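Structure file work29.txt; described as compact mmCIF, C-alpha atoms.
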# COMPACT_ATOMS: atom_id res chain seq x y z
CA MET A 28 0.00 0.00 0.00
CA VAL A 29 1.23 3.47 -0.84
CA THR A 30 1.79 5.64 2.23
CA ILE A 31 0.14 9.06 2.48
CA GLY A 32 2.36 11.56 0.69
CA CYS A 33 4.52 8.63 -0.45
CA VAL A 34 6.47 9.01 2.79
CA ILE A 35 9.36 6.58 3.14
CA LYS A 36 10.00 5.93 6.82
CA THR A 37 13.21 3.90 6.72
CA PRO A 38 16.35 5.98 6.07
CA GLY A 39 18.91 4.31 3.84
CA SER A 40 16.52 1.56 2.75
CA SER A 41 18.06 1.59 -0.73
CA LYS A 42 20.56 -0.82 0.83
CA ASN A 43 17.97 -3.51 0.08
CA ASN A 44 18.97 -3.14 -3.54
CA LYS A 45 22.26 -4.92 -4.09
CA THR A 46 23.72 -3.05 -7.05
CA GLY A 47 26.78 -5.33 -7.08
CA SER A 48 24.86 -7.45 -9.59
CA TRP A 49 25.38 -4.67 -12.18
CA ARG A 50 29.12 -5.27 -12.21
CA THR A 51 31.14 -6.49 -15.21
CA PHE A 52 34.59 -5.66 -13.85
CA LYS A 53 35.57 -6.14 -10.24
CA PRO A 54 38.12 -3.93 -8.42
CA ILE A 55 40.75 -5.93 -6.55
CA LEU A 56 42.91 -3.98 -4.09
CA ASP A 57 46.48 -4.97 -3.29
CA LYS A 58 46.83 -3.59 0.25
CA GLU A 59 50.62 -3.94 0.05
CA LYS A 60 50.66 -1.19 -2.60
CA CYS A 61 48.06 1.03 -0.87
CA ILE A 62 49.46 4.38 0.38
CA ASP A 63 46.30 5.39 2.32
CA CYS A 64 45.51 8.40 0.12
CA ASP A 65 41.78 7.55 0.47
CA ASN A 66 40.99 8.56 -3.13
CA CYS A 67 39.03 5.32 -3.57
CA ILE A 68 36.88 6.18 -0.54
CA ILE A 69 36.35 9.85 -1.42
CA PHE A 70 35.47 9.25 -5.08
CA CYS A 71 33.35 6.07 -4.81
CA PRO A 72 29.83 6.92 -6.05
CA ASP A 73 28.42 3.94 -4.19
CA SER A 74 30.10 4.25 -0.77
CA SER A 75 31.58 0.83 -1.36
CA VAL A 76 35.04 1.34 0.14
CA ASN A 77 35.29 1.56 3.94
CA LYS A 78 37.91 3.26 6.10
CA GLN A 79 40.06 0.13 6.07
CA HIS A 80 39.87 0.14 2.26
CA ASP A 81 37.77 -3.03 2.16
CA ILE A 82 35.59 -3.08 -0.95
CA ASN A 83 31.91 -3.90 -0.50
CA TYR A 84 31.00 -6.06 -3.48
CA ASP A 85 27.30 -6.04 -2.52
CA TYR A 86 27.05 -2.50 -3.90
CA CYS A 87 30.16 -1.86 -6.03
CA LYS A 88 28.92 -1.35 -9.62
CA GLY A 89 32.41 -1.79 -11.05
CA CYS A 90 32.69 1.73 -12.47
CA GLY A 91 36.47 1.65 -12.04
CA ILE A 92 36.88 5.19 -10.65
CA CYS A 93 38.84 3.79 -7.67
CA ALA A 94 41.35 2.04 -9.95
CA HIS A 95 41.64 5.05 -12.25
CA GLU A 96 42.21 7.50 -9.40
CA CYS A 97 44.62 5.29 -7.45
CA PRO A 98 48.06 6.97 -7.54
CA SER A 99 49.91 3.75 -6.66
CA ASP A 100 48.08 1.42 -9.07
CA ALA A 101 47.02 -0.72 -6.16
CA ILE A 102 43.60 -1.53 -7.66
CA GLU A 103 43.14 -3.77 -10.65
CA MET A 104 39.88 -4.20 -12.54
CA VAL A 105 39.30 -7.89 -13.21
CA LYS A 106 36.48 -9.29 -15.36
CA GLU A 107 33.82 -11.03 -13.27
CA MET B 10 40.23 14.96 4.18
CA ASP B 11 38.04 13.68 7.04
CA ILE B 12 36.46 10.35 6.22
CA PRO B 13 33.22 9.77 8.16
CA ASP B 14 32.37 6.36 9.67
CA LYS B 15 29.16 6.30 7.71
CA ASP B 16 28.05 8.13 4.57
CA LEU B 17 24.74 9.99 4.71
CA LEU B 18 23.83 8.88 1.20
CA SER B 19 23.49 5.11 1.23
CA PRO B 20 24.51 2.72 -1.52
CA GLY B 21 21.93 0.73 -3.42
CA HIS B 22 20.80 3.89 -5.21
CA ARG B 23 20.19 3.59 -8.95
CA GLY B 24 22.79 6.08 -10.17
CA CYS B 25 24.76 4.93 -13.20
CA ALA B 26 28.11 3.25 -12.56
CA GLY B 27 30.54 6.13 -12.24
CA CYS B 28 27.80 8.68 -11.44
CA GLY B 29 29.21 12.07 -10.46
CA ALA B 30 26.00 13.29 -8.82
CA SER B 31 26.17 10.64 -6.11
CA ILE B 32 29.80 11.57 -5.36
CA ALA B 33 28.74 15.21 -5.12
CA VAL B 34 25.85 14.60 -2.76
CA LYS B 35 27.81 12.15 -0.61
CA LEU B 36 30.59 14.73 -0.12
CA ALA B 37 28.12 17.55 0.55
CA LEU B 38 26.10 15.61 3.13
CA ASN B 39 29.22 14.40 4.90
CA ALA B 40 30.39 18.03 5.11
CA LEU B 41 27.03 19.17 6.53
CA GLY B 42 26.53 16.31 8.98
CA GLU B 43 23.42 14.59 10.31
CA ASN B 44 21.69 17.75 11.45
CA THR B 45 20.51 18.51 7.94
CA VAL B 46 17.29 18.58 5.95
CA ALA B 47 17.72 17.99 2.22
CA ILE B 48 15.42 19.14 -0.55
CA SER B 49 15.69 18.06 -4.16
CA ALA B 50 14.26 19.21 -7.44
CA THR B 51 13.12 16.58 -9.90
CA GLY B 52 16.08 15.14 -11.74
CA CYS B 53 18.61 12.35 -11.82
CA LEU B 54 19.32 12.71 -8.11
CA GLU B 55 15.71 12.45 -6.96
CA VAL B 56 14.91 9.58 -9.32
CA MET B 57 17.96 7.50 -8.51
CA THR B 58 17.93 8.00 -4.73
CA THR B 59 14.23 7.56 -3.98
CA PRO B 60 12.75 4.65 -5.93
CA TYR B 61 9.59 4.19 -3.84
CA PRO B 62 9.41 2.54 -1.29
CA GLU B 63 13.15 2.89 -0.80
CA THR B 64 15.39 5.86 -0.13
CA ALA B 65 19.15 6.28 -0.12
CA TRP B 66 18.95 9.31 2.17
CA GLU B 67 20.04 9.03 5.80
CA VAL B 68 18.79 12.55 6.57
CA PRO B 69 15.23 13.94 6.21
CA PHE B 70 14.56 14.49 2.52
CA ILE B 71 11.74 16.11 0.59
CA HIS B 72 11.02 16.19 -3.12
CA VAL B 73 8.04 18.09 -4.53
CA ALA B 74 8.39 19.15 -8.16
CA PHE B 75 10.85 20.20 -10.81
CA GLU B 76 10.35 23.93 -10.49
CA ASN B 77 10.04 24.52 -6.80
CA SER B 78 13.04 23.27 -4.80
CA GLY B 79 13.83 26.91 -3.98
CA ALA B 80 10.30 27.47 -2.69
CA VAL B 81 10.19 24.19 -0.75
CA ALA B 82 13.57 24.90 0.81
CA SER B 83 12.30 28.37 1.78
CA GLY B 84 9.29 26.79 3.48
CA VAL B 85 11.39 24.22 5.31
CA GLU B 86 13.77 26.93 6.51
CA ALA B 87 10.92 29.19 7.64
CA ALA B 88 9.18 26.32 9.47
CA LEU B 89 12.38 25.38 11.30
CA ARG B 90 13.06 29.02 12.19
CA ILE B 91 9.59 29.57 13.64
CA GLN B 92 10.12 26.50 15.82
CA GLY B 93 13.39 27.91 17.07
CA LYS B 94 15.44 25.21 15.33
CA ASP B 95 18.10 27.57 14.06
CA ASP B 96 20.89 25.02 14.11
CA VAL B 97 19.55 22.77 11.32
CA ASN B 98 21.27 22.95 7.93
CA VAL B 99 18.82 23.34 5.07
CA VAL B 100 20.30 22.24 1.76
CA ALA B 101 18.59 22.07 -1.61
CA PHE B 102 19.95 20.18 -4.60
CA GLY B 103 18.94 20.77 -8.17
CA GLY B 104 20.40 19.61 -11.44
CA ASP B 105 21.15 22.15 -14.13
CA GLY B 106 17.69 21.72 -15.62
CA GLY B 107 16.01 22.14 -12.23
CA THR B 108 18.20 25.13 -11.45
CA VAL B 109 19.05 27.23 -14.49
CA ASP B 110 15.83 26.54 -16.43
CA ILE B 111 12.79 25.21 -14.62
CA GLY B 112 13.56 26.17 -11.02
CA LEU B 113 15.08 29.58 -11.65
CA GLN B 114 12.09 31.63 -10.50
CA SER B 115 11.62 29.88 -7.16
CA LEU B 116 15.38 29.86 -6.54
CA SER B 117 15.60 33.56 -7.34
CA GLY B 118 12.77 34.20 -4.88
CA ALA B 119 14.46 32.18 -2.14
CA MET B 120 17.71 34.07 -2.64
CA GLU B 121 16.04 37.48 -2.81
CA ARG B 122 14.02 36.85 0.38
CA GLY B 123 17.21 36.01 2.25
CA HIS B 124 16.36 32.52 3.53
CA ASN B 125 19.13 30.89 5.52
CA LEU B 126 19.78 27.94 3.21
CA THR B 127 22.37 26.43 0.91
CA TYR B 128 21.49 25.64 -2.69
CA ILE B 129 23.76 23.28 -4.59
CA CYS B 130 23.35 22.95 -8.34
CA TYR B 131 24.91 19.71 -9.57
CA ASP B 132 25.51 20.64 -13.15
CA ASN B 133 25.91 17.83 -15.67
CA GLU B 134 25.13 20.21 -18.51
CA ALA B 135 21.91 18.69 -19.92
CA TYR B 136 18.72 16.86 -18.90
CA MET B 137 20.40 13.50 -18.38
CA ASN B 138 17.61 11.66 -16.58
CA THR B 139 15.14 12.04 -19.45
CA GLY B 140 17.62 11.21 -22.20
CA ILE B 141 20.16 14.01 -22.66
CA GLN B 142 18.12 17.00 -23.81
CA ARG B 143 19.85 20.39 -23.87
CA SER B 144 19.43 22.80 -20.97
CA GLY B 145 20.48 26.42 -20.46
CA ALA B 146 23.67 25.00 -18.96
CA THR B 147 24.64 22.95 -22.02
CA PRO B 148 27.91 24.33 -23.38
CA PHE B 149 28.50 25.54 -26.94
CA GLY B 150 29.16 22.71 -29.39
CA ALA B 151 27.75 19.84 -27.32
CA THR B 152 25.50 17.42 -29.14
CA THR B 153 22.35 16.44 -27.24
CA THR B 154 19.13 14.79 -28.39
CA THR B 155 17.53 18.23 -28.80
CA SER B 156 20.63 19.94 -30.21
CA PRO B 157 21.89 17.08 -32.33
CA LYS B 158 24.92 17.22 -34.58
CA GLY B 159 24.22 16.61 -38.25
CA VAL B 160 24.41 18.19 -41.68
CA ALA B 161 22.53 21.30 -40.61
CA SER B 162 23.95 21.68 -37.09
CA PHE B 163 27.16 21.26 -35.11
CA GLY B 164 25.18 20.86 -31.87
CA GLU B 165 24.34 23.43 -29.21
CA ASP B 166 24.83 26.86 -30.72
CA LYS B 167 24.50 29.00 -27.60
CA PRO B 168 26.97 29.48 -24.76
CA LYS B 169 26.30 28.15 -21.27
CA LYS B 170 24.16 30.36 -19.06
CA ASP B 171 26.35 32.04 -16.43
CA MET B 172 24.27 30.89 -13.48
CA PRO B 173 26.69 31.58 -10.59
CA MET B 174 26.95 35.22 -11.68
CA ILE B 175 23.15 35.44 -11.92
CA MET B 176 23.06 34.26 -8.30
CA ALA B 177 25.82 36.70 -7.36
CA ALA B 178 23.72 39.49 -8.85
CA HIS B 179 21.17 38.77 -6.09
CA GLY B 180 23.70 40.18 -3.65
CA ILE B 181 23.65 37.06 -1.47
CA PRO B 182 26.48 36.56 1.03
CA TYR B 183 28.05 33.49 -0.57
CA VAL B 184 28.36 32.17 -4.13
CA ALA B 185 30.89 29.60 -5.29
CA THR B 186 31.70 27.30 -8.16
CA ALA B 187 33.12 23.85 -7.47
CA SER B 188 34.00 20.53 -9.08
CA ILE B 189 33.75 16.97 -7.82
CA ALA B 190 37.35 16.50 -9.00
CA TYR B 191 38.47 18.91 -6.25
CA PRO B 192 36.72 17.42 -3.21
CA GLU B 193 38.56 19.42 -0.52
CA ASP B 194 37.77 22.69 -2.27
CA PHE B 195 34.11 21.61 -2.62
CA VAL B 196 33.78 20.44 1.00
CA ASN B 197 35.32 23.71 2.28
CA LYS B 198 32.82 25.66 0.21
CA VAL B 199 29.87 23.61 1.49
CA LYS B 200 30.99 24.24 5.08
CA LYS B 201 31.37 27.97 4.39
CA ALA B 202 27.96 28.08 2.71
CA ALA B 203 26.33 26.39 5.69
CA ALA B 204 28.04 28.71 8.18
CA VAL B 205 26.91 31.84 6.35
CA LYS B 206 23.78 33.52 7.74
CA GLY B 207 21.48 33.89 4.75
CA PRO B 208 21.38 32.29 1.32
CA ALA B 209 24.36 30.57 -0.25
CA TYR B 210 24.69 29.12 -3.73
CA ILE B 211 27.22 26.58 -4.99
CA HIS B 212 27.42 25.67 -8.67
CA LEU B 213 29.15 22.32 -8.94
CA GLN B 214 30.32 20.90 -12.22
CA GLN B 215 29.73 17.17 -12.31
CA PRO B 216 30.85 15.10 -15.31
CA CYS B 217 28.25 12.58 -16.50
CA THR B 218 29.48 9.32 -18.01
CA THR B 219 26.18 8.66 -19.79
CA GLY B 220 25.48 12.11 -21.21
CA TRP B 221 29.00 13.26 -22.01
CA GLY B 222 30.16 9.93 -23.39
CA PHE B 223 33.26 8.72 -21.59
CA ASP B 224 34.21 5.54 -19.72
CA SER B 225 32.68 5.30 -16.24
CA SER B 226 36.13 5.19 -14.63
CA ARG B 227 37.00 8.68 -15.89
CA THR B 228 34.37 10.84 -14.14
CA ILE B 229 36.93 12.55 -11.90
CA GLU B 230 39.54 12.85 -14.65
CA LEU B 231 37.06 14.73 -16.85
CA GLY B 232 36.26 17.12 -14.00
CA ARG B 233 39.96 17.74 -13.55
CA LEU B 234 40.43 18.37 -17.28
CA ALA B 235 37.59 20.91 -17.27
CA VAL B 236 39.38 22.88 -14.56
CA GLU B 237 42.88 22.43 -15.99
CA THR B 238 41.77 23.77 -19.38
CA GLY B 239 39.94 26.74 -17.85
CA SER B 240 36.62 25.41 -19.19
CA TRP B 241 35.39 25.43 -15.60
CA ILE B 242 36.81 27.99 -13.20
CA LEU B 243 36.81 27.46 -9.43
CA TYR B 244 36.02 30.62 -7.50
CA GLU B 245 34.01 32.02 -4.62
CA ILE B 246 32.32 35.34 -3.96
CA GLU B 247 32.15 36.01 -0.24
CA ASN B 248 30.22 39.14 0.74
CA GLY B 249 30.86 40.57 -2.70
CA GLU B 250 34.57 39.74 -2.68
CA PHE B 251 35.65 37.61 -5.64
CA LYS B 252 38.46 35.09 -5.25
CA ILE B 253 39.83 32.32 -7.50
CA THR B 254 40.25 29.22 -5.31
CA PHE B 255 42.31 27.08 -7.68
CA THR B 256 44.76 28.09 -10.40
CA PRO B 257 46.09 25.38 -12.71
CA GLU B 258 49.90 25.48 -13.00
CA GLU B 259 49.65 25.67 -16.76
CA ARG B 260 46.35 26.03 -18.58
CA LYS B 261 45.92 23.19 -21.08
CA PRO B 262 44.29 23.71 -24.50
CA VAL B 263 40.54 22.98 -24.51
CA THR B 264 40.97 20.17 -27.05
CA GLU B 265 42.44 18.02 -24.27
CA TYR B 266 39.07 18.28 -22.52
CA LEU B 267 36.76 18.24 -25.56
CA SER B 268 38.39 15.31 -27.39
CA GLN B 269 37.77 12.98 -24.45
CA GLN B 270 33.98 13.28 -24.75
CA LYS B 271 31.61 11.85 -27.31
CA ARG B 272 29.38 14.95 -27.12
CA PHE B 273 32.19 17.12 -28.57
CA ARG B 274 33.97 14.62 -30.80
CA HIS B 275 32.24 15.81 -34.00
CA LEU B 276 33.48 19.41 -33.62
CA GLU B 277 35.61 20.90 -36.34
CA GLU B 278 38.54 23.28 -36.07
CA GLU B 279 36.27 26.32 -36.48
CA GLN B 280 34.10 25.50 -33.45
CA ILE B 281 37.03 24.34 -31.33
CA SER B 282 38.88 27.62 -31.89
CA LYS B 283 35.67 29.47 -31.05
CA ILE B 284 35.45 27.55 -27.77
CA GLN B 285 39.15 28.23 -27.06
CA LYS B 286 38.61 31.94 -27.64
CA PHE B 287 35.56 31.94 -25.40
CA VAL B 288 37.46 30.14 -22.62
CA ASP B 289 40.44 32.51 -23.00
CA ALA B 290 38.13 35.51 -22.73
CA GLN B 291 36.40 34.13 -19.65
CA CYS B 292 39.73 33.32 -17.97
CA ALA B 293 40.95 36.85 -18.73
CA GLU B 294 37.75 38.34 -17.35
CA LEU B 295 37.96 36.39 -14.10
CA GLY B 296 41.72 36.74 -13.75
CA LEU B 297 42.76 33.10 -14.10
Using structure tokens, write down the structure that the file contains.
Amino acid sequence: MVTIGCVIKTPGSSKNNKTGSWRTFKPILDKEKCIDCDNCIIFCPDSSVNKQHDINYDYCKGCGICAHECPSDAIEMVKE
Amino acid sequence: MDIPDKDLLSPGHRGCAGCGASIAVKLALNALGENTVAISATGCLEVMTTPYPETAWEVPFIHVAFENSGAVASGVEAALRIQGKDDVNVVAFGGDGGTVDIGLQSLSGAMERGHNLTYICYDNEAYMNTGIQRSGATPFGATTTTSPKGVASFGEDKPKKDMPMIMAAHGIPYVATASIAYPEDFVNKVKKAAAVKGPAYIHLQQPCTTGWGFDSSRTIELGRLAVETGSWILYEIENGEFKITFTPEERKPVTEYLSQQKRFRHLEEEQISKIQKFVDAQCAELGL
């Protein structure tokens, strides 16, 4: 049933939608090469890299921005 | 840059892979913090973040129509003020269509009345959500579905509307331009805008992988190229005082920016030199 005014009462409920299924290429991070610049966190459109630089494949759409913006080439895009 | 424990725009939203608008809004919300009410015009952002019955927003959010985010934000701000809730950030987002075309009247009213709010235009330079139709913010030479390249046309034949200067002409305390490719500059400007008493306007350039035609991994690179070629100039106007906030070491020729995008790839020497001249003139005018 549609709520009055189409009110959505659960903040962040888009998390139900696992956009990881959109992915063709998967970013793989080599933590040995990581220099903690945080570019991958700052520029991720899908909030899929956490503070420890773990990639959340439930939501990562595989856009490749993280790999492209990584100054130490620590992220490789690998075909799913 | 401070990295928050949790982003205030959640994943699972339907933005395209490599979407610049979601990066923009994520950065802006994280700068403003939880004590924020967000308003959005119709557009990519509203459609992709609120597919009923889900929402990506972790702060209160209201969408009404295409043309009235300025009016809705005014109402939200006035309602909070009358309740004595002066410490809540009110931020409105509109795309270029919702800002420079359809929402201009209500935004102008909000600015002129002096509401204490921040308006952020995320400018991807056409109506992307409905299939890449031109807007007043579409730059000269770009091909869109309503300014298509072909035998009779080279694409958009009018220059981009100078929206930040139209806002500055309202005499509001804070106006800035920004780019998602310069996140620290953008976040600083959002914080300044929120701290200002009265209206603030930020015009953010946001490359669009779908509408501009480039690989989804290059969203930030394209934003950087826009700034490095002088095609997009980062500045702020604080209480009438104009200041450039980023100067590229050496300004690159515009072709380095244009040639990377499908929307400009058809352009011939004549139009490219016209664009270069226009960019040179604008850089000279603003002192870049």
Write out as a list in words which residues come within 10 Å of A:Cys64 when counting all atoms listed in the file, dropping same-chain ones fewer than 2 positions away. Cys61, Ile62, Asn66, Cys67, Ile68, Ile69, Cys97, Pro98 and Ser99 of chain A; Met10 of chain B
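Distances from A:Arg50, A:Ile92, A:Leu56, A:Met28 to chain B were compared using all atoms listed in the file, and the smallest one belongs to A:Ile92.
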Restrict the distance test to all atoms listed in the file, flag each residue of chain B within 7 Å of chain A, and return the flagged residues as a PyMOL selection string. chain B and resi 16+19-22+26-29+31-32+62-67+225-227
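Across the model, the gap from atom CA of B:Leu231 to atom CA of B:Ser78 is 28.2 Å.
Excluding stretch 169-173 of chain B itself and same-chain residues fewer than 4 positions from it, the residues having an atom within 10 Å of it are Asp105, Thr108, Val109, Asp110, Leu113, Cys130, Glu134, Ser144, Gly145, Ala146, Thr147, Pro148, Phe149, Glu165, Ala177, Ala178, Val184, Ala185, Thr186, Tyr210, Ile211, His212, Leu213, Tyr244, Glu245 and Ile246 of chain B, counting only C-alpha atoms.
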Output file for the selection above: C-alpha atoms, as a PDB file, in the coordinates of the input:
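As a result, out29.pdb now contains:
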ATOM      1  CA  ASP B 105      21.150  22.150 -14.130  1.00  0.00           C
ATOM      2  CA  THR B 108      18.200  25.130 -11.450  1.00  0.00           C
ATOM      3  CA  VAL B 109      19.050  27.230 -14.490  1.00  0.00           C
ATOM      4  CA  ASP B 110      15.830  26.540 -16.430  1.00  0.00           C
ATOM      5  CA  LEU B 113      15.080  29.580 -11.650  1.00  0.00           C
ATOM      6  CA  CYS B 130      23.350  22.950  -8.340  1.00  0.00           C
ATOM      7  CA  GLU B 134      25.130  20.210 -18.510  1.00  0.00           C
ATOM      8  CA  SER B 144      19.430  22.800 -20.970  1.00  0.00           C
ATOM      9  CA  GLY B 145      20.480  26.420 -20.460  1.00  0.00           C
ATOM     10  CA  ALA B 146      23.670  25.000 -18.960  1.00  0.00           C
ATOM     11  CA  THR B 147      24.640  22.950 -22.020  1.00  0.00           C
ATOM     12  CA  PRO B 148      27.910  24.330 -23.380  1.00  0.00           C
ATOM     13  CA  PHE B 149      28.500  25.540 -26.940  1.00  0.00           C
ATOM     14  CA  GLU B 165      24.340  23.430 -29.210  1.00  0.00           C
ATOM     15  CA  ALA B 177      25.820  36.700  -7.360  1.00  0.00           C
ATOM     16  CA  ALA B 178      23.720  39.490  -8.850  1.00  0.00           C
ATOM     17  CA  VAL B 184      28.360  32.170  -4.130  1.00  0.00           C
ATOM     18  CA  ALA B 185      30.890  29.600  -5.290  1.00  0.00           C
ATOM     19  CA  THR B 186      31.700  27.300  -8.160  1.00  0.00           C
ATOM     20  CA  TYR B 210      24.690  29.120  -3.730  1.00  0.00           C
ATOM     21  CA  ILE B 211      27.220  26.580  -4.990  1.00  0.00           C
ATOM     22  CA  HIS B 212      27.420  25.670  -8.670  1.00  0.00           C
ATOM     23  CA  LEU B 213      29.150  22.320  -8.940  1.00  0.00           C
ATOM     24  CA  TYR B 244      36.020  30.620  -7.500  1.00  0.00           C
ATOM     25  CA  GLU B 245      34.010  32.020  -4.620  1.00  0.00           C
ATOM     26  CA  ILE B 246      32.320  35.340  -3.960  1.00  0.00           C
TER      27      ILE B 246
END
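We find atom CA of B:Leu297 and atom CA of B:Ser240 to be spaced 11.1 Å apart.
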Answer as a PyMOL selection string, residues within 8 Å of (37.5, -7.2, -15.1) using only C-alpha atoms: chain A and resi 51-54+103-107
Around the point (33.9, 24.1, -0.5) in the file's coordinates, collect all residues with an atom within 12 Å, using only C-alpha atoms, and return them as an MDAnalysis selection string. chainID B and resid 33 36:37 40:41 127 129 183:204 209:213 243:246 254:255
Those residues you just picked out, can you put them in a file as a PDB file, keeping the file's coordinate frame with C-alpha atoms?
ATOM      1  CA  ALA B  33      28.740  15.210  -5.120  1.00  0.00           C
ATOM      2  CA  LEU B  36      30.590  14.730  -0.120  1.00  0.00           C
ATOM      3  CA  ALA B  37      28.120  17.550   0.550  1.00  0.00           C
ATOM      4  CA  ALA B  40      30.390  18.030   5.110  1.00  0.00           C
ATOM      5  CA  LEU B  41      27.030  19.170   6.530  1.00  0.00           C
ATOM      6  CA  THR B 127      22.370  26.430   0.910  1.00  0.00           C
ATOM      7  CA  ILE B 129      23.760  23.280  -4.590  1.00  0.00           C
ATOM      8  CA  TYR B 183      28.050  33.490  -0.570  1.00  0.00           C
ATOM      9  CA  VAL B 184      28.360  32.170  -4.130  1.00  0.00           C
ATOM     10  CA  ALA B 185      30.890  29.600  -5.290  1.00  0.00           C
ATOM     11  CA  THR B 186      31.700  27.300  -8.160  1.00  0.00           C
ATOM     12  CA  ALA B 187      33.120  23.850  -7.470  1.00  0.00           C
ATOM     13  CA  SER B 188      34.000  20.530  -9.080  1.00  0.00           C
ATOM     14  CA  ILE B 189      33.750  16.970  -7.820  1.00  0.00           C
ATOM     15  CA  ALA B 190      37.350  16.500  -9.000  1.00  0.00           C
ATOM     16  CA  TYR B 191      38.470  18.910  -6.250  1.00  0.00           C
ATOM     17  CA  PRO B 192      36.720  17.420  -3.210  1.00  0.00           C
ATOM     18  CA  GLU B 193      38.560  19.420  -0.520  1.00  0.00           C
ATOM     19  CA  ASP B 194      37.770  22.690  -2.270  1.00  0.00           C
ATOM     20  CA  PHE B 195      34.110  21.610  -2.620  1.00  0.00           C
ATOM     21  CA  VAL B 196      33.780  20.440   1.000  1.00  0.00           C
ATOM     22  CA  ASN B 197      35.320  23.710   2.280  1.00  0.00           C
ATOM     23  CA  LYS B 198      32.820  25.660   0.210  1.00  0.00           C
ATOM     24  CA  VAL B 199      29.870  23.610   1.490  1.00  0.00           C
ATOM     25  CA  LYS B 200      30.990  24.240   5.080  1.00  0.00           C
ATOM     26  CA  LYS B 201      31.370  27.970   4.390  1.00  0.00           C
ATOM     27  CA  ALA B 202      27.960  28.080   2.710  1.00  0.00           C
ATOM     28  CA  ALA B 203      26.330  26.390   5.690  1.00  0.00           C
ATOM     29  CA  ALA B 204      28.040  28.710   8.180  1.00  0.00           C
ATOM     30  CA  ALA B 209      24.360  30.570  -0.250  1.00  0.00           C
ATOM     31  CA  TYR B 210      24.690  29.120  -3.730  1.00  0.00           C
ATOM     32  CA  ILE B 211      27.220  26.580  -4.990  1.00  0.00           C
ATOM     33  CA  HIS B 212      27.420  25.670  -8.670  1.00  0.00           C
ATOM     34  CA  LEU B 213      29.150  22.320  -8.940  1.00  0.00           C
ATOM     35  CA  LEU B 243      36.810  27.460  -9.430  1.00  0.00           C
ATOM     36  CA  TYR B 244      36.020  30.620  -7.500  1.00  0.00           C
ATOM     37  CA  GLU B 245      34.010  32.020  -4.620  1.00  0.00           C
ATOM     38  CA  ILE B 246      32.320  35.340  -3.960  1.00  0.00           C
ATOM     39  CA  THR B 254      40.250  29.220  -5.310  1.00  0.00           C
ATOM     40  CA  PHE B 255      42.310  27.080  -7.680  1.00  0.00           C
TER      41      PHE B 255
END
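You can rank B:Gly52, B:Gly164, B:Gly118, B:Gly84 by their closest distance to B:Gly104 using only C-alpha atoms, and at the top of that list sits B:Gly52.
The spacing separating atom CA of B:Val73 from atom CA of B:Leu116 amounts to 14.0 Å.
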Can you list, as a PyMOL selection string, every protein, DNA or RNA residue that comes within 6 Å of stretch 95-99 of chain B when you count only C-alpha atoms, leaving out same-chain residues fewer than 4 positions away? chain B and resi 44-46+90+126
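Closest approach to B:Ser156 among B:Ile141, B:Pro208, B:Glu237, B:Glu55 is made by B:Ile141 (distances from all atoms listed in the file).
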